[in-house]
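*Asks:* Take this structure, written in structure tokens, and hold onto it; I'll ask about it next.
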Amino acid sequence: MHLTIVDDLEENLELYKDVLEADFKLKLIQQPLKLFEYLNDSKTDLLLLDFHLPNIDGFELFRKIRKTHKKLPIIFITGDPSEETMINALNLGAVDFLRKPVSIPELVARIKNKIMTSEKGPTTEEDTIKIENFTLFCDMQLAQIDDKKVQLTPIEFKFIQLLAKNPNKIFSRDYITNLLWPDVHVQNQNIDTHLSNLRKKLKPFSKQIKTIKSRGYILRI
């Protein structure tokens, strides 16, 4: 797998080289505008793009790349903590958005996953779950309510995927706990916390996620 990385800091590129060259063939680019010259003559499987760049911001660079390379998977990586930046990146068409610091195993896994997903071709109906105005994109762990895209955490995604795949079926707290945290003892309030966050993210669709006293949770449609 070939990976191209754009970052204006030389020390960051050196770090990427040290930790990623065992898993990928690398092209490291420090001057963002030189990326176009490289892409015109070479092929890469994925672009890892730092968001904060000199002379051109990540969004503007992304738009320019898309004019000539419409199918190239692009992952943004940034220290910017704002949810707005993440949502804007995903709305533009980025396949993922990573916040620094990120563990090396997670970074490698996400890059490989997005490359393999891209090689499979466009998302199929099996990769999506659609219920009324709600769509769950399983390959991206991304939900959409009408035109609003919502990035989910891995726990939130597993929770809503279970309910959306099995509408009108009640799942007990014990079943969901074992699904989300296998072989790990967790407090019951962990489910409540994640469900509360999920309901906030998925409004107004989340009104259909019901808590059945003493029995569990259900998605009623």
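Residues are referred to by chain and number: the chain letter is A, B, ... according to the order shown in the structure tokens, the number counts from 1 in that chain, and ligands are numbered separately from 1 in the order shown.
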Please report, as a VMD selection string, each residue of stretch 15-203 of chain A to which DSSP assigns helix (DSSP H, G or I) when run on this structure's backbone.
*Replies:* chain A and resid 15 to 20 34 to 41 58 to 68 83 to 92 104 to 120 125 to 127 154 to 165 173 to 180 189 to 201
*Asks:* Nearest to A:Leu13: which of A:Ser196, A:Thr117, A:Asn133, A:Gln31 is it, counting only C-alpha atoms?
*Replies:*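 Using only C-alpha atoms, A:Leu13 sits closest to A:Gln31.
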*Asks:* Find the residues around A:Lys207 up to 12 Å (only C-alpha atoms counted), leave out those fewer than 3 positions away in its own chain, and share them as a list in words.
*Replies:*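 Using only C-alpha atoms, the neighbours found are Phe134, Leu195, Ser196, Leu198, Arg199, Lys200, Lys201, Leu202, Lys203, Pro204, Lys210, Thr211, Ile218, Leu219, Arg220 and Ile221 of chain A.
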*Asks:* Skipping near chain neighbours, those fewer than 3 positions away, what residues fall within 12 Å of A:Ile29 using only C-alpha atoms, listed as number ranges by chain?
*Replies:* A: 3-10, 12-14, 16-17, 26, 32-39, 47-50, 53
*Asks:* Could you give me, as a PyMOL selection string, the residues within 7 Å of stretch 97-108 of chain A, counting only C-alpha atoms and dropping anything in the same chain fewer than 6 positions from it?
*Replies:* chain A and resi 75-81+86
*Asks:* Got time to write the residues from that selection, N, CA and C atoms, as a PDB file, in the first residue's frame?
*Replies:*
ATOM      1  N   ILE A  75      -7.536  11.352   4.309  1.00  0.00           N
ATOM      2  CA  ILE A  75      -7.767  11.420   5.748  1.00  0.00           C
ATOM      3  C   ILE A  75      -7.146  12.711   6.267  1.00  0.00           C
ATOM      4  N   PHE A  76      -7.934  13.487   7.006  1.00  0.00           N
ATOM      5  CA  PHE A  76      -7.386  14.650   7.696  1.00  0.00           C
ATOM      6  C   PHE A  76      -6.836  14.215   9.054  1.00  0.00           C
ATOM      7  N   ILE A  77      -5.680  14.793   9.430  1.00  0.00           N
ATOM      8  CA  ILE A  77      -5.154  14.576  10.772  1.00  0.00           C
ATOM      9  C   ILE A  77      -4.762  15.942  11.328  1.00  0.00           C
ATOM     10  N   THR A  78      -5.179  16.238  12.556  1.00  0.00           N
ATOM     11  CA  THR A  78      -4.987  17.573  13.086  1.00  0.00           C
ATOM     12  C   THR A  78      -5.055  17.576  14.607  1.00  0.00           C
ATOM     13  N   GLY A  79      -4.498  18.608  15.184  1.00  0.00           N
ATOM     14  CA  GLY A  79      -4.632  18.818  16.611  1.00  0.00           C
ATOM     15  C   GLY A  79      -5.834  19.670  16.948  1.00  0.00           C
ATOM     16  N   ASP A  80      -6.577  20.114  15.927  1.00  0.00           N
ATOM     17  CA  ASP A  80      -7.759  20.951  16.130  1.00  0.00           C
ATOM     18  C   ASP A  80      -8.848  20.130  16.823  1.00  0.00           C
ATOM     19  N   PRO A  81      -9.287  20.548  18.017  1.00  0.00           N
ATOM     20  CA  PRO A  81     -10.252  19.735  18.762  1.00  0.00           C
ATOM     21  C   PRO A  81     -11.714  20.000  18.403  1.00  0.00           C
ATOM     22  N   MET A  86     -14.223  18.896  12.236  1.00  0.00           N
ATOM     23  CA  MET A  86     -14.396  17.499  11.849  1.00  0.00           C
ATOM     24  C   MET A  86     -15.599  17.326  10.926  1.00  0.00           C
TER      25      MET A  86
END
*Asks:* Just asking: which residues within stretch 64-211 of chain A are strand (DSSP E) according to DSSP, as a list in words?
*Replies:*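 Filtering stretch 64-211 of chain A to strand (DSSP E) leaves Ile74, Ile75, Phe76, Ile77, Thr78, Asp96, Phe97, Leu98, Arg99, Thr128, Ile129, Lys130, Ile131, Phe134, Thr135, Leu136, Phe137, Leu142, Ala143, Gln144, Ile145, Lys148, Lys149, Val150, Gln151, Ile209, Lys210 and Thr211 of chain A.
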*Asks:* Do you know which residues are at most 12 Å from A:Lys213 counting only C-alpha atoms, after dropping those on the same chain fewer than 4 positions away, and could you put them as a PyMOL selection string?
*Replies:* chain A and resi 170-173+217-218
*Asks:* Choose the residue, out of A:Leu92, A:Ile65, A:Ile209, A:Ile131, that has the smallest atom-to-atom separation from A:Lys165; count only C-alpha atoms.
*Replies:*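 Closest candidate: A:Ile131.
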*Asks:* In Å, how far is it from atom CA of A:Phe62 to atom CA of A:Val150?
*Replies:*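 Between atom CA of A:Phe62 and atom CA of A:Val150 the gap works out to 20.2 Å.
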*Asks:* Measuring between only C-alpha atoms, which one of A:Met1, A:Ala89, A:Val19, A:Leu72 shows the shortest distance to A:Phe51?
*Replies:* A:Ala89
*Asks:* Find the residues around A:Leu136 up to 12 Å (only C-alpha atoms counted), leave out those fewer than 2 positions away in its own chain, and share them as a PyMOL selection string.
*Replies:* chain A and resi 123+125-134+138-146+148-152+156-165+202+205
*Asks:* Okay, now the selection with N, CA and C atoms, as a short mmCIF file (atom, residue, chain, number, x, y, z; two decimals), in the first residue's frame?
*Replies:*
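Below is the file that was written, out_13.cif:
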data_model
loop_
_atom_site.label_atom_id
_atom_site.label_comp_id
_atom_site.auth_asym_id
_atom_site.auth_seq_id
_atom_site.Cartn_x
_atom_site.Cartn_y
_atom_site.Cartn_z
N THR A 123 -19.75 2.40 -1.84
CA THR A 123 -20.54 1.79 -0.78
C THR A 123 -21.78 1.13 -1.37
N GLU A 125 -25.52 -1.17 -0.76
CA GLU A 125 -26.65 -1.10 0.16
C GLU A 125 -26.37 -1.88 1.43
N GLU A 126 -25.54 -2.94 1.35
CA GLU A 126 -25.24 -3.72 2.54
C GLU A 126 -24.41 -2.92 3.54
N ASP A 127 -23.72 -1.89 3.07
CA ASP A 127 -22.89 -1.07 3.93
C ASP A 127 -23.67 0.04 4.60
N THR A 128 -24.95 0.16 4.27
CA THR A 128 -25.76 1.23 4.84
C THR A 128 -27.05 0.67 5.42
N ILE A 129 -27.54 1.35 6.44
CA ILE A 129 -28.84 1.02 7.03
C ILE A 129 -29.66 2.31 6.95
N LYS A 130 -30.82 2.24 6.33
CA LYS A 130 -31.64 3.44 6.16
C LYS A 130 -33.01 3.21 6.79
N ILE A 131 -33.39 4.11 7.68
CA ILE A 131 -34.69 4.07 8.33
C ILE A 131 -35.26 5.49 8.31
N GLU A 132 -36.30 5.68 7.53
CA GLU A 132 -36.92 7.00 7.40
C GLU A 132 -35.86 8.04 7.02
N ASN A 133 -35.65 9.09 7.84
CA ASN A 133 -34.68 10.12 7.48
C ASN A 133 -33.29 9.85 8.07
N PHE A 134 -33.10 8.64 8.60
CA PHE A 134 -31.83 8.25 9.23
C PHE A 134 -31.09 7.26 8.34
N CYS A 138 -22.07 2.14 7.59
CA CYS A 138 -21.35 1.24 8.48
C CYS A 138 -19.84 1.25 8.24
N ASP A 139 -19.42 1.46 6.99
CA ASP A 139 -17.98 1.42 6.71
C ASP A 139 -17.27 2.64 7.26
N MET A 140 -17.99 3.73 7.54
CA MET A 140 -17.38 4.96 8.03
C MET A 140 -17.76 5.28 9.48
N GLN A 141 -18.62 4.44 10.08
CA GLN A 141 -19.14 4.73 11.42
C GLN A 141 -19.71 6.14 11.46
N LEU A 142 -20.51 6.44 10.44
CA LEU A 142 -21.06 7.78 10.25
C LEU A 142 -22.57 7.68 10.10
N ALA A 143 -23.29 8.57 10.78
CA ALA A 143 -24.74 8.62 10.65
C ALA A 143 -25.13 9.90 9.92
N GLN A 144 -26.32 9.87 9.33
CA GLN A 144 -26.84 11.06 8.68
C GLN A 144 -28.32 11.20 9.01
N ILE A 145 -28.69 12.39 9.49
CA ILE A 145 -30.09 12.72 9.77
C ILE A 145 -30.48 13.80 8.78
N ASP A 146 -31.38 13.46 7.84
CA ASP A 146 -31.68 14.37 6.73
C ASP A 146 -30.37 14.69 6.02
N LYS A 148 -27.75 16.27 7.62
CA LYS A 148 -26.71 16.49 8.63
C LYS A 148 -25.95 15.20 8.89
N LYS A 149 -24.63 15.25 8.73
CA LYS A 149 -23.77 14.10 9.00
C LYS A 149 -23.29 14.16 10.44
N VAL A 150 -23.21 12.97 11.07
CA VAL A 150 -22.83 12.88 12.48
C VAL A 150 -21.78 11.78 12.63
N GLN A 151 -20.59 12.16 13.07
CA GLN A 151 -19.54 11.17 13.32
C GLN A 151 -19.78 10.51 14.67
N LEU A 152 -19.70 9.19 14.72
CA LEU A 152 -19.97 8.44 15.94
C LEU A 152 -18.70 7.85 16.51
N GLU A 156 -20.70 4.26 20.33
CA GLU A 156 -21.98 4.78 19.84
C GLU A 156 -22.40 4.06 18.57
N PHE A 157 -21.43 3.82 17.69
CA PHE A 157 -21.75 3.14 16.43
C PHE A 157 -22.26 1.72 16.69
N LYS A 158 -21.57 0.97 17.52
CA LYS A 158 -22.00 -0.40 17.80
C LYS A 158 -23.40 -0.43 18.41
N PHE A 159 -23.67 0.55 19.26
CA PHE A 159 -24.97 0.62 19.93
C PHE A 159 -26.09 0.84 18.90
N ILE A 160 -25.95 1.88 18.08
CA ILE A 160 -27.03 2.19 17.14
C ILE A 160 -27.08 1.17 16.01
N GLN A 161 -25.94 0.59 15.64
CA GLN A 161 -25.95 -0.44 14.60
C GLN A 161 -26.77 -1.65 15.05
N LEU A 162 -26.58 -2.05 16.30
CA LEU A 162 -27.35 -3.18 16.84
C LEU A 162 -28.84 -2.90 16.77
N LEU A 163 -29.25 -1.71 17.23
CA LEU A 163 -30.68 -1.39 17.25
C LEU A 163 -31.23 -1.21 15.84
N ALA A 164 -30.46 -0.56 14.97
CA ALA A 164 -30.96 -0.28 13.62
C ALA A 164 -31.06 -1.54 12.76
N LYS A 165 -30.19 -2.51 13.02
CA LYS A 165 -30.26 -3.78 12.28
C LYS A 165 -31.41 -4.64 12.77
N LEU A 202 -28.17 12.25 17.64
CA LEU A 202 -29.09 11.76 16.61
C LEU A 202 -30.48 12.39 16.66
N PHE A 205 -34.22 11.94 15.39
CA PHE A 205 -34.46 10.52 15.16
C PHE A 205 -34.37 9.72 16.46
#
